[in-house]
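Undergrad: So that we are looking at the same thing, I have put the structure below in structure tokens.
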Amino acid sequence: MSNFKYYFILTLSSLFLASCAEESIVDLTNEELNAITAELHEKKSGTVQNCDFELSNIKEGTEKAINCIIDLDGKTIQLKKNVTLTYDGGDIVNGVLVFDNGKIDGQLLNKDLEIEGSADLIQPVFNFEADRWDLTQGRTTFRNALHNRIRLEELMKIVKGMGAHTFKIDEFDAYFEITEVTHPTNPNFYPSVEAINVPGDFTLEMTDNTHLRTFPNSSKKTSLLAIRNVSNATIKGGVLHGDRDEHEYVGYGSHEWGHLLDLHSATFAVVDGVKMINATGDGLVVHSLGFAFKSNYIPAHDIVIKNCVFDSSRRNNLAITDGYNIIVEDSEFYRSGVDTPKSKGTNPKFAIDIEAYRKRENGKIVPYEKIKNVILRNNIEREGARGGFLIAVGDNITIENNDVEDGIGYKYTNNSIIRNNRMVARKESELAMGLGMRDSRTISNNTVTGNYIEGFNVAMSIYGDDHMVSNNTIKNCGTGISGKDFSNTKIINNTITSTDPKSRGIFIHYTSVNRVLFKNNTIDVVNNPFRFDLINLKEGQEKFCTHLVDNEFNSSYHGLISNSNGVSLMKNTVNTGIQIWDSKNSIIEDNFISSENRDGIYLINENKDIALLNNAIAVPSNKQCIRVQESTKWEDIEEQNNECL
């Protein structure tokens, strides 16, 4: 049983309006709204009789149905102990009811009734009706939009205090002013504080008919709706609208922090079925209070975001910058970071950006934010300005069973898994990368498996150490697999096919590759099935090596090793012929090599320490099984047991 006192005061927002800017044109003035409300009450009074009993006379422990109009005439009425008031078509207005361990039907609550004492709602679900609470719908003024924000948030807190666990809104379309500081003592502006805050242990449930809109502003940072530093809050349904096309982009900065839904140190939170449109910054942001290395750090964690729709956020549709144990599933992401006729998109422009902030101080990386244990699954991404999903900074991230057309990227991440995703490029993303790693310094132990990638300029790029890349299907991409500065990596059981005249299977260029195994891959492309250029040539890389084993290479062009060190082929089927230019420390052993229009193995320019062992070679009669230019000395080649078919 709750013991409290609450007030619905029409002038509540006037305390915070000293600095209000000039108001915009209104659709409904307060006078017009009050007239409509009075008319509704008049119509209701015409059909519902005034009550012929006194509330103070209701006996202790009695349940009384209110089927008539009770005007308290500004009085305070003390109810007897354990009285329950139920709704039966009536109303109680214009006064104060003091309960003593009583109950009241939520349908009887309204702006003109104050409740004191100890009372709970009969039902734990509260159904919000805008006309009973003096909220302004439609285009309105700064003052009314601020009043909307204060009133809606306070009402959620009040009904929670009366025992409600769910706050339902159906038909409702209103603007909310979220830039004015309303804290009575702290003059600082915090977007997630001035947002409409949902309490902990509480559910805000909306429908497709519920529209919460950002009142147009010029602030660089805002949040429309927030779960801030509370647990077990849920937001279901509803449509959240940003002001990106009505925003005033004045002053310095890019104004990229205008968010629609802000999960700020939220824990055990659920966002289910919410639609977020036209955010000035991110549609939804997950982040934490304090820095990860400070004692006051409060990380967001155990969050589920599901069945949501994100559309046309100016920055990212969804940003995760700090937290752990986060799931994003069964959601749709459209047009992240796109330009509109009235506003340009701003970077990073991803559908989902996982990016904890860190920086190097005194030679060490200092994590100001941390992200770990995030799952992105069963989502759809379309028409993004720059990219689909990105792990910029974060560990233990799983991206699985998603359907994206603008690619998946990962940069500073360890122990992450990208599996069973479908990545098919639309025409606008053909020059982009399907699945790309970045930066070899801090990326390791990642798994890329079971993905389908089609139509990108580069299907897959690999950086870093200790990765497993397996069972991926790559179709009609300019390059199947590329990489830079990677080691201790297995690339096995992948299929690469393309009919593009410029397409290559494996293309590794101007980098280092050490202890990398390409095994059991099937490659059928038009240009080079494999091409290694300028590999392992720097000081300290003399013993670096990479091995191609048990692969099948098909092409109308030759495989190529050029200006490289330590690239070896063993037990492959190479239906293309092989050219080796200016290379060293390579082994070509136990392969079946064939070609319809060129030499089997052709050593060009100066090569050293090349072993040609036990290969079966089939070429036309006018071509050579093994051809060596004079610039390569035979004493620099070990040639044994090769069979010319």
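Quick note on naming: the chains in the structure tokens go A, B, ... in the order shown, residues restart at 1 in each chain, and ligands are numbered from 1 in order of appearance.
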Give me, as a PyMOL selection string, all polymer residues having an atom no more than 10 Å from Lys543 in chain A, counting only C-alpha atoms and skipping those fewer than 6 positions away in the same chain.
TA: chain A and resi 514-515+536+565-566+585
Undergrad: Given the selection you just returned, output its residues as a file containing N, CA, C and O atoms, formatted as a JSON list (two decimals), in the first residue's frame.
TA:
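Written out: part32.json:
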```
[["chain", "number", "residue", "atom", "x", "y", "z"],
["A", 514, "ASN", "N", 51.61, -14.16, -42.36],
["A", 514, "ASN", "CA", 52.48, -15.12, -41.68],
["A", 514, "ASN", "C", 51.65, -16.22, -41.03],
["A", 514, "ASN", "O", 50.69, -15.95, -40.31],
["A", 515, "ARG", "N", 52.06, -17.46, -41.31],
["A", 515, "ARG", "CA", 51.39, -18.63, -40.77],
["A", 515, "ARG", "C", 49.88, -18.58, -41.05],
["A", 515, "ARG", "O", 49.04, -18.80, -40.17],
["A", 536, "ASN", "N", 55.55, -9.88, -47.63],
["A", 536, "ASN", "CA", 56.62, -10.25, -46.68],
["A", 536, "ASN", "C", 58.00, -9.78, -47.14],
["A", 536, "ASN", "O", 58.97, -10.54, -47.13],
["A", 565, "ASN", "N", 57.53, -13.16, -50.79],
["A", 565, "ASN", "CA", 58.37, -14.08, -50.04],
["A", 565, "ASN", "C", 57.49, -15.03, -49.23],
["A", 565, "ASN", "O", 56.57, -14.60, -48.54],
["A", 566, "GLY", "N", 57.79, -16.33, -49.33],
["A", 566, "GLY", "CA", 57.17, -17.30, -48.44],
["A", 566, "GLY", "C", 55.76, -17.72, -48.80],
["A", 566, "GLY", "O", 55.01, -18.14, -47.92],
["A", 585, "ASN", "N", 61.64, -18.14, -51.74],
["A", 585, "ASN", "CA", 61.20, -18.97, -50.61],
["A", 585, "ASN", "C", 59.78, -19.51, -50.80],
["A", 585, "ASN", "O", 58.94, -19.43, -49.90]]
```
Undergrad: Using only C-alpha atoms, which protein or nucleic acid residues come within 12 Å of Cys545 in chain A? Drop anything in the same chain fewer than 5 positions from it, and give the result as JSON, numbers by chain.
TA: {"A": [486, 487, 488, 489, 512, 513, 514, 515, 516, 517, 518, 532, 535, 536, 537, 564, 565, 566, 567, 568, 569, 584, 585, 586, 587]}
Undergrad: Would you mind writing down, as a ChimeraX atom specification, each residue of range 246-307 of chain A that DSSP on the backbone assigns to strand (DSSP E or B)?
TA: /A:257-264,267-272,275-277,284-287,289,298,301-306
Undergrad: Just N, CA and C atoms for this one: save the residues we selected as a tab-separated table (two decimals), in the first residue's frame.
TA:
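Output file result21.tsv is given in full below:
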```tsv
chain	number	residue	atom	x	y	z
A	257	TRP	N	23.82	14.83	-31.86
A	257	TRP	CA	23.51	14.10	-30.64
A	257	TRP	C	22.03	14.25	-30.25
A	258	GLY	N	21.18	14.46	-31.22
A	258	GLY	CA	19.75	14.53	-30.94
A	258	GLY	C	19.12	13.16	-31.07
A	259	HIS	N	18.94	12.46	-29.96
A	259	HIS	CA	18.51	11.07	-29.97
A	259	HIS	C	17.02	10.94	-29.65
A	260	LEU	N	16.46	9.84	-30.07
A	260	LEU	CA	15.04	9.59	-29.80
A	260	LEU	C	14.85	8.75	-28.55
A	261	LEU	N	15.64	7.71	-28.39
A	261	LEU	CA	15.52	6.84	-27.23
A	261	LEU	C	16.90	6.65	-26.61
A	262	ASP	N	17.00	6.97	-25.34
A	262	ASP	CA	18.29	7.03	-24.65
A	262	ASP	C	18.28	6.03	-23.50
A	263	LEU	N	19.06	4.97	-23.63
A	263	LEU	CA	19.23	3.99	-22.55
A	263	LEU	C	20.54	4.32	-21.85
A	264	HIS	N	20.45	5.11	-20.80
A	264	HIS	CA	21.62	5.69	-20.13
A	264	HIS	C	21.81	4.99	-18.79
A	267	THR	N	19.49	-0.91	-16.96
A	267	THR	CA	19.82	-2.31	-16.71
A	267	THR	C	18.55	-3.14	-16.76
A	268	PHE	N	18.68	-4.34	-17.30
A	268	PHE	CA	17.55	-5.25	-17.46
A	268	PHE	C	16.36	-4.53	-18.11
A	269	ALA	N	16.67	-3.85	-19.20
A	269	ALA	CA	15.67	-3.06	-19.92
A	269	ALA	C	15.27	-3.78	-21.20
A	270	VAL	N	14.02	-3.53	-21.64
A	270	VAL	CA	13.50	-4.10	-22.88
A	270	VAL	C	12.89	-2.97	-23.72
A	271	VAL	N	13.27	-2.94	-24.99
A	271	VAL	CA	12.65	-2.04	-25.96
A	271	VAL	C	12.07	-2.94	-27.05
A	272	ASP	N	10.76	-2.94	-27.18
A	272	ASP	CA	10.07	-3.93	-28.01
A	272	ASP	C	9.08	-3.24	-28.94
A	275	LYS	N	9.07	2.22	-33.11
A	275	LYS	CA	9.50	2.77	-34.39
A	275	LYS	C	10.13	4.12	-34.15
A	276	MET	N	11.35	4.33	-34.69
A	276	MET	CA	12.09	5.57	-34.48
A	276	MET	C	12.44	6.20	-35.81
A	277	ILE	N	12.00	7.45	-36.04
A	277	ILE	CA	12.07	8.08	-37.35
A	277	ILE	C	12.73	9.46	-37.24
A	284	LEU	N	18.47	5.37	-31.48
A	284	LEU	CA	18.57	4.83	-30.12
A	284	LEU	C	20.03	4.78	-29.74
A	285	VAL	N	20.33	5.15	-28.50
A	285	VAL	CA	21.71	5.09	-28.02
A	285	VAL	C	21.74	4.34	-26.70
A	286	VAL	N	22.72	3.45	-26.54
A	286	VAL	CA	22.97	2.74	-25.28
A	286	VAL	C	24.33	3.20	-24.77
A	287	HIS	N	24.35	3.78	-23.57
A	287	HIS	CA	25.62	4.23	-23.00
A	287	HIS	C	25.52	4.24	-21.48
A	289	LEU	N	26.85	5.92	-17.44
A	289	LEU	CA	27.26	7.05	-16.63
A	289	LEU	C	28.68	6.84	-16.13
A	298	ILE	N	28.81	3.50	-13.96
A	298	ILE	CA	27.58	2.70	-13.86
A	298	ILE	C	27.26	2.17	-15.26
A	301	HIS	N	23.57	-2.55	-18.87
A	301	HIS	CA	23.73	-3.98	-19.12
A	301	HIS	C	22.39	-4.71	-19.12
A	302	ASP	N	22.43	-5.89	-19.72
A	302	ASP	CA	21.26	-6.77	-19.81
A	302	ASP	C	20.08	-6.03	-20.42
A	303	ILE	N	20.27	-5.71	-21.70
A	303	ILE	CA	19.30	-4.94	-22.47
A	303	ILE	C	18.88	-5.75	-23.69
A	304	VAL	N	17.58	-5.75	-23.97
A	304	VAL	CA	17.05	-6.40	-25.17
A	304	VAL	C	16.33	-5.35	-26.01
A	305	ILE	N	16.73	-5.24	-27.27
A	305	ILE	CA	16.07	-4.36	-28.23
A	305	ILE	C	15.56	-5.26	-29.34
A	306	LYS	N	14.24	-5.34	-29.52
A	306	LYS	CA	13.69	-6.31	-30.46
A	306	LYS	C	12.46	-5.75	-31.18
```
Undergrad: In Å, with one decimal, what is the gap from CA of Ala319 in chain A to CA of Asn378 in chain A?
TA: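 Between CA of Ala319 in chain A and CA of Asn378 in chain A the gap is 17.5 Å.
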Undergrad: Would you pick out the contacts of Pro191 in chain A at 9 Å or less, using only C-alpha atoms, so that residues sharing its chain but fewer than 6 positions from it are not included, and give the list as a PyMOL selection string?
TA: chain A and resi 178-179+221-224+226+258-259+262
Undergrad: Extract the full set of helix (DSSP H, G or I) residues from range 146-275 of chain A according to DSSP on the backbone, and format it as a PyMOL selection string.
TA: chain A and resi 146-161+191-194
Undergrad: Would you mind exporting N, CA and C atoms of the selected residues as a PDB file, in the first residue's frame?
TA:
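part-v9.pdb written:
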```pdb
ATOM      1  N   LEU A 146       6.555  21.734 -23.336  1.00  0.00           N
ATOM      2  CA  LEU A 146       7.257  21.488 -22.082  1.00  0.00           C
ATOM      3  C   LEU A 146       6.300  20.927 -21.038  1.00  0.00           C
ATOM      4  N   HIS A 147       5.109  21.497 -20.980  1.00  0.00           N
ATOM      5  CA  HIS A 147       4.090  20.983 -20.055  1.00  0.00           C
ATOM      6  C   HIS A 147       3.765  19.523 -20.368  1.00  0.00           C
ATOM      7  N   ASN A 148       3.685  19.177 -21.654  1.00  0.00           N
ATOM      8  CA  ASN A 148       3.441  17.784 -22.047  1.00  0.00           C
ATOM      9  C   ASN A 148       4.497  16.857 -21.466  1.00  0.00           C
ATOM     10  N   ARG A 149       5.749  17.265 -21.593  1.00  0.00           N
ATOM     11  CA  ARG A 149       6.835  16.416 -21.114  1.00  0.00           C
ATOM     12  C   ARG A 149       6.778  16.228 -19.597  1.00  0.00           C
ATOM     13  N   ILE A 150       6.619  17.329 -18.872  1.00  0.00           N
ATOM     14  CA  ILE A 150       6.597  17.244 -17.414  1.00  0.00           C
ATOM     15  C   ILE A 150       5.407  16.426 -16.940  1.00  0.00           C
ATOM     16  N   ARG A 151       4.243  16.693 -17.522  1.00  0.00           N
ATOM     17  CA  ARG A 151       3.023  16.020 -17.069  1.00  0.00           C
ATOM     18  C   ARG A 151       3.065  14.519 -17.336  1.00  0.00           C
ATOM     19  N   LEU A 152       3.513  14.117 -18.549  1.00  0.00           N
ATOM     20  CA  LEU A 152       3.507  12.686 -18.883  1.00  0.00           C
ATOM     21  C   LEU A 152       4.481  11.924 -17.989  1.00  0.00           C
ATOM     22  N   GLU A 153       5.680  12.455 -17.796  1.00  0.00           N
ATOM     23  CA  GLU A 153       6.644  11.772 -16.944  1.00  0.00           C
ATOM     24  C   GLU A 153       6.145  11.678 -15.503  1.00  0.00           C
ATOM     25  N   GLU A 154       5.600  12.775 -14.993  1.00  0.00           N
ATOM     26  CA  GLU A 154       5.126  12.775 -13.609  1.00  0.00           C
ATOM     27  C   GLU A 154       3.959  11.815 -13.425  1.00  0.00           C
ATOM     28  N   LEU A 155       3.109  11.716 -14.427  1.00  0.00           N
ATOM     29  CA  LEU A 155       1.962  10.820 -14.321  1.00  0.00           C
ATOM     30  C   LEU A 155       2.406   9.359 -14.258  1.00  0.00           C
ATOM     31  N   MET A 156       3.448   8.999 -15.025  1.00  0.00           N
ATOM     32  CA  MET A 156       3.962   7.631 -14.935  1.00  0.00           C
ATOM     33  C   MET A 156       4.480   7.338 -13.530  1.00  0.00           C
ATOM     34  N   LYS A 157       5.183   8.299 -12.950  1.00  0.00           N
ATOM     35  CA  LYS A 157       5.697   8.102 -11.595  1.00  0.00           C
ATOM     36  C   LYS A 157       4.557   7.965 -10.579  1.00  0.00           C
ATOM     37  N   ILE A 158       3.515   8.752 -10.774  1.00  0.00           N
ATOM     38  CA  ILE A 158       2.393   8.729  -9.824  1.00  0.00           C
ATOM     39  C   ILE A 158       1.662   7.397  -9.852  1.00  0.00           C
ATOM     40  N   VAL A 159       1.318   6.930 -11.051  1.00  0.00           N
ATOM     41  CA  VAL A 159       0.560   5.683 -11.102  1.00  0.00           C
ATOM     42  C   VAL A 159       1.427   4.500 -10.679  1.00  0.00           C
ATOM     43  N   LYS A 160       2.743   4.596 -10.935  1.00  0.00           N
ATOM     44  CA  LYS A 160       3.624   3.550 -10.398  1.00  0.00           C
ATOM     45  C   LYS A 160       3.572   3.561  -8.872  1.00  0.00           C
ATOM     46  N   GLY A 161       3.584   4.746  -8.275  1.00  0.00           N
ATOM     47  CA  GLY A 161       3.490   4.846  -6.825  1.00  0.00           C
ATOM     48  C   GLY A 161       2.188   4.315  -6.261  1.00  0.00           C
ATOM     49  N   PRO A 191      20.748  15.584 -21.322  1.00  0.00           N
ATOM     50  CA  PRO A 191      19.668  15.167 -22.214  1.00  0.00           C
ATOM     51  C   PRO A 191      18.797  14.049 -21.662  1.00  0.00           C
ATOM     52  N   SER A 192      19.417  13.027 -21.048  1.00  0.00           N
ATOM     53  CA  SER A 192      18.612  11.908 -20.564  1.00  0.00           C
ATOM     54  C   SER A 192      17.814  12.257 -19.318  1.00  0.00           C
ATOM     55  N   VAL A 193      18.159  13.363 -18.652  1.00  0.00           N
ATOM     56  CA  VAL A 193      17.356  13.839 -17.518  1.00  0.00           C
ATOM     57  C   VAL A 193      16.141  14.606 -18.020  1.00  0.00           C
ATOM     58  N   GLU A 194      16.350  15.450 -19.023  1.00  0.00           N
ATOM     59  CA  GLU A 194      15.256  16.285 -19.527  1.00  0.00           C
ATOM     60  C   GLU A 194      14.384  15.557 -20.538  1.00  0.00           C
TER      61      GLU A 194
END
```
Undergrad: Using Å and a single decimal, report how far CA of Ile169 in chain A sits from CA of Pro216 in chain A.
TA: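 Distance between the two atoms: 22.8 Å.
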Undergrad: With only C-alpha atoms as the basis for distance, which of A:Ile593, A:Ile417, A:Leu390, A:Ile327 is at the shortest distance from Lys571 in chain A?
TA: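 That would be A:Ile593, the residue with the smallest distance to Lys571 in chain A.
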Undergrad: To one decimal in Å, tell me the separation between CA of Asn232 in chain A and CA of Ile375 in chain A.
TA: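 The value is 19.5 Å.
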Undergrad: Given the choices A:Asp245, A:Glu552, A:Asp599, A:Asp609, which gets closest to Cys625 in chain A if the distance is worked out from only C-alpha atoms?
TA: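 Once distances to Cys625 in chain A are computed over only C-alpha atoms, the minimum belongs to A:Asp599.
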Undergrad: Any idea what's packed within 12 Å of Lys342 in chain A, counting only C-alpha atoms, ignoring anything in its chain fewer than 5 positions away? Could you give it as a PyMOL selection string?
TA: chain A and resi 243-249+278+280+314
Undergrad: Find, counting only C-alpha atoms, the residue in A:Arg386, A:Lys236, A:Lys411, A:His183 that gets nearest to Thr442 in chain A.
TA: A:Lys411
Undergrad: Tell me which protein, DNA and RNA residues are within 12 Å of range 601-603 of chain A, counting only C-alpha atoms, leaving out same-chain ones fewer than 3 positions away, and put them as a compact mmCIF listing (two decimals) with N, CA, C and O atoms, in the first residue's frame.
TA:
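Writing the result to around_19.txt gives the following:
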```
# COMPACT_ATOMS: atom_id res chain seq x y z
N HIS A 558 45.77 -16.70 -65.12
CA HIS A 558 46.71 -17.48 -64.33
C HIS A 558 46.70 -17.06 -62.86
O HIS A 558 46.36 -15.93 -62.51
N GLY A 559 47.11 -17.97 -61.99
CA GLY A 559 47.43 -17.61 -60.62
C GLY A 559 48.78 -16.93 -60.57
O GLY A 559 49.67 -17.25 -61.36
N LEU A 560 48.95 -15.99 -59.61
CA LEU A 560 50.14 -15.16 -59.65
C LEU A 560 50.76 -14.99 -58.27
O LEU A 560 50.07 -14.68 -57.29
N ILE A 561 52.09 -15.19 -58.21
CA ILE A 561 52.90 -14.82 -57.04
C ILE A 561 53.94 -13.84 -57.56
O ILE A 561 54.78 -14.20 -58.39
N SER A 562 53.90 -12.60 -57.08
CA SER A 562 54.75 -11.56 -57.65
C SER A 562 55.44 -10.77 -56.54
O SER A 562 54.78 -10.30 -55.61
N ASN A 563 56.77 -10.64 -56.66
CA ASN A 563 57.54 -9.84 -55.70
C ASN A 563 57.20 -10.22 -54.26
O ASN A 563 56.97 -9.34 -53.42
N LEU A 569 52.30 -23.33 -52.51
CA LEU A 569 51.10 -24.05 -52.94
C LEU A 569 51.38 -25.55 -52.87
O LEU A 569 52.37 -26.03 -53.42
N VAL A 574 44.98 -26.66 -59.79
CA VAL A 574 45.12 -25.31 -60.34
C VAL A 574 44.87 -25.40 -61.84
O VAL A 574 45.77 -25.74 -62.62
N ASN A 575 43.64 -25.12 -62.26
CA ASN A 575 43.26 -25.25 -63.67
C ASN A 575 43.48 -23.92 -64.41
O ASN A 575 42.67 -23.52 -65.24
N THR A 576 44.59 -23.26 -64.10
CA THR A 576 44.81 -21.91 -64.63
C THR A 576 46.25 -21.64 -65.03
O THR A 576 46.54 -20.63 -65.66
N GLY A 577 47.16 -22.49 -64.63
CA GLY A 577 48.57 -22.17 -64.74
C GLY A 577 48.99 -21.22 -63.64
O GLY A 577 48.17 -20.54 -63.02
N ILE A 578 50.33 -21.22 -63.38
CA ILE A 578 50.88 -20.39 -62.31
C ILE A 578 52.05 -19.58 -62.85
O ILE A 578 52.93 -20.13 -63.52
N GLN A 579 52.05 -18.28 -62.52
CA GLN A 579 53.21 -17.44 -62.82
C GLN A 579 53.84 -16.97 -61.53
O GLN A 579 53.14 -16.56 -60.59
N ILE A 580 55.18 -17.03 -61.51
CA ILE A 580 55.93 -16.57 -60.34
C ILE A 580 56.93 -15.53 -60.81
O ILE A 580 57.81 -15.83 -61.63
N TRP A 581 56.80 -14.29 -60.30
CA TRP A 581 57.64 -13.17 -60.71
C TRP A 581 58.49 -12.69 -59.52
O TRP A 581 57.96 -12.40 -58.45
N ASP A 582 59.77 -12.63 -59.70
CA ASP A 582 60.65 -11.95 -58.75
C ASP A 582 60.35 -12.33 -57.30
O ASP A 582 60.28 -11.47 -56.42
N SER A 583 60.18 -13.61 -57.04
CA SER A 583 59.79 -14.06 -55.70
C SER A 583 60.82 -15.04 -55.15
O SER A 583 61.73 -15.49 -55.86
N LYS A 584 60.63 -15.39 -53.88
CA LYS A 584 61.59 -16.27 -53.24
C LYS A 584 60.92 -17.07 -52.12
O LYS A 584 59.82 -16.75 -51.66
N SER A 586 59.52 -20.06 -51.97
CA SER A 586 58.20 -20.63 -52.25
C SER A 586 58.34 -22.10 -52.63
O SER A 586 59.32 -22.51 -53.24
N ILE A 588 56.18 -25.17 -54.55
CA ILE A 588 55.06 -25.59 -55.39
C ILE A 588 55.14 -27.12 -55.45
O ILE A 588 55.96 -27.69 -56.16
N GLU A 589 54.27 -27.81 -54.68
CA GLU A 589 54.46 -29.24 -54.46
C GLU A 589 53.13 -29.99 -54.49
O GLU A 589 52.12 -29.55 -53.93
N ASN A 591 50.86 -30.55 -56.63
CA ASN A 591 49.68 -29.94 -57.23
C ASN A 591 49.36 -30.60 -58.57
O ASN A 591 50.24 -31.13 -59.24
N PHE A 592 48.08 -30.55 -58.95
CA PHE A 592 47.71 -30.84 -60.33
C PHE A 592 47.49 -29.50 -61.00
O PHE A 592 46.64 -28.70 -60.60
N ILE A 593 48.28 -29.20 -62.03
CA ILE A 593 48.27 -27.90 -62.68
C ILE A 593 47.94 -28.11 -64.15
O ILE A 593 48.58 -28.93 -64.83
N SER A 594 46.95 -27.37 -64.62
CA SER A 594 46.60 -27.49 -66.03
C SER A 594 46.28 -26.11 -66.59
O SER A 594 45.96 -25.17 -65.85
N SER A 595 46.39 -26.01 -67.93
CA SER A 595 46.03 -24.77 -68.59
C SER A 595 45.76 -25.05 -70.05
O SER A 595 46.45 -25.88 -70.66
N ARG A 598 48.26 -21.55 -71.76
CA ARG A 598 49.51 -20.97 -71.24
C ARG A 598 50.36 -22.07 -70.61
O ARG A 598 49.92 -23.21 -70.44
N GLU A 606 63.68 -12.58 -61.95
CA GLU A 606 64.65 -13.23 -61.07
C GLU A 606 63.94 -13.81 -59.85
O GLU A 606 63.37 -13.09 -59.02
N ASN A 607 64.00 -15.10 -59.70
CA ASN A 607 63.41 -15.80 -58.57
C ASN A 607 64.48 -16.61 -57.85
O ASN A 607 65.42 -17.12 -58.48
N LYS A 608 64.33 -16.77 -56.52
CA LYS A 608 65.31 -17.50 -55.74
C LYS A 608 64.63 -18.44 -54.75
O LYS A 608 63.54 -18.14 -54.25
N ASP A 609 65.30 -19.55 -54.50
CA ASP A 609 64.83 -20.51 -53.50
C ASP A 609 63.39 -20.94 -53.77
O ASP A 609 62.51 -20.88 -52.91
N ILE A 610 63.19 -21.39 -54.99
CA ILE A 610 61.88 -21.90 -55.40
C ILE A 610 61.99 -23.41 -55.56
O ILE A 610 62.87 -23.92 -56.26
N ALA A 611 61.05 -24.15 -54.89
CA ALA A 611 61.03 -25.61 -55.01
C ALA A 611 59.82 -26.02 -55.84
O ALA A 611 58.68 -25.66 -55.52
N LEU A 612 60.07 -26.81 -56.90
CA LEU A 612 59.01 -27.35 -57.75
C LEU A 612 59.07 -28.87 -57.62
O LEU A 612 59.95 -29.52 -58.20
N LEU A 613 58.12 -29.45 -56.85
CA LEU A 613 58.25 -30.85 -56.47
C LEU A 613 56.95 -31.62 -56.73
O LEU A 613 55.86 -31.19 -56.33
N ASN A 615 54.76 -32.27 -58.95
CA ASN A 615 53.55 -31.73 -59.56
C ASN A 615 53.21 -32.50 -60.84
O ASN A 615 54.09 -32.94 -61.57
N ALA A 616 51.91 -32.67 -61.09
CA ALA A 616 51.44 -33.21 -62.36
C ALA A 616 50.92 -32.05 -63.17
O ALA A 616 50.03 -31.30 -62.72
N ILE A 617 51.44 -31.89 -64.40
CA ILE A 617 51.16 -30.68 -65.17
C ILE A 617 50.65 -31.08 -66.54
O ILE A 617 51.27 -31.88 -67.25
N ALA A 618 49.49 -30.49 -66.92
CA ALA A 618 48.90 -30.78 -68.23
C ALA A 618 48.69 -29.49 -68.99
O ALA A 618 47.95 -28.60 -68.53
N VAL A 619 49.37 -29.35 -70.14
CA VAL A 619 49.25 -28.14 -70.96
C VAL A 619 49.18 -28.54 -72.42
O VAL A 619 49.53 -29.68 -72.79
N LYS A 623 52.79 -25.45 -75.43
CA LYS A 623 53.16 -24.78 -74.19
C LYS A 623 54.08 -25.67 -73.37
O LYS A 623 54.14 -26.88 -73.57
N GLN A 624 54.79 -25.05 -72.42
CA GLN A 624 55.73 -25.79 -71.58
C GLN A 624 55.12 -26.09 -70.22
O GLN A 624 54.43 -25.25 -69.64
N CYS A 625 55.42 -27.28 -69.71
CA CYS A 625 54.97 -27.60 -68.36
C CYS A 625 55.67 -26.71 -67.34
O CYS A 625 55.04 -26.16 -66.44
N ILE A 626 56.97 -26.57 -67.45
CA ILE A 626 57.73 -25.66 -66.59
C ILE A 626 58.59 -24.79 -67.49
O ILE A 626 59.40 -25.29 -68.28
N ARG A 627 58.41 -23.49 -67.36
CA ARG A 627 59.17 -22.55 -68.17
C ARG A 627 59.91 -21.59 -67.24
O ARG A 627 59.31 -21.04 -66.31
N VAL A 628 61.20 -21.39 -67.51
CA VAL A 628 62.01 -20.54 -66.64
C VAL A 628 62.78 -19.55 -67.50
O VAL A 628 63.52 -19.96 -68.41
N GLN A 629 62.56 -18.25 -67.24
CA GLN A 629 63.34 -17.26 -67.96
C GLN A 629 64.81 -17.31 -67.53
O GLN A 629 65.14 -17.71 -66.41
N GLU A 630 65.69 -16.85 -68.41
CA GLU A 630 67.12 -16.93 -68.15
C GLU A 630 67.53 -16.11 -66.93
O GLU A 630 68.55 -16.40 -66.29
N SER A 631 66.76 -15.09 -66.59
CA SER A 631 67.12 -14.25 -65.44
C SER A 631 66.99 -14.99 -64.13
O SER A 631 67.52 -14.56 -63.10
N THR A 632 66.28 -16.12 -64.13
CA THR A 632 66.23 -16.99 -62.95
C THR A 632 67.23 -18.13 -63.16
O THR A 632 67.15 -18.87 -64.14
N LYS A 633 68.13 -18.25 -62.25
CA LYS A 633 69.17 -19.27 -62.38
C LYS A 633 68.63 -20.61 -61.92
O LYS A 633 67.97 -20.71 -60.89
N TRP A 634 68.99 -21.66 -62.66
CA TRP A 634 68.51 -22.99 -62.31
C TRP A 634 69.05 -23.44 -60.95
O TRP A 634 68.40 -24.22 -60.25
N ASP A 636 69.07 -21.79 -58.41
CA ASP A 636 68.18 -21.22 -57.39
C ASP A 636 66.83 -21.93 -57.36
O ASP A 636 65.92 -21.50 -56.64
N ILE A 637 66.72 -23.00 -58.14
CA ILE A 637 65.46 -23.75 -58.20
C ILE A 637 65.73 -25.20 -57.85
O ILE A 637 66.69 -25.81 -58.35
N GLU A 639 64.07 -28.62 -58.57
CA GLU A 639 63.03 -29.17 -59.43
C GLU A 639 63.13 -30.69 -59.42
O GLU A 639 64.13 -31.27 -59.85
N ASN A 642 58.54 -33.85 -61.18
CA ASN A 642 57.35 -33.26 -61.81
C ASN A 642 57.02 -34.05 -63.06
O ASN A 642 57.90 -34.49 -63.80
N CYS A 644 55.02 -34.20 -66.68
CA CYS A 644 54.37 -33.41 -67.72
C CYS A 644 53.42 -34.32 -68.48
O CYS A 644 53.84 -35.27 -69.15
```
Undergrad: Find the residue from A:Leu135, A:Ile391, A:Ala130, A:Ile481 that sits nearest to Asp170 in chain A; use only C-alpha atoms when measuring.
TA: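 Of A:Leu135, A:Ile391, A:Ala130, A:Ile481, the one nearest Asp170 in chain A, counting only C-alpha atoms, is A:Ala130.
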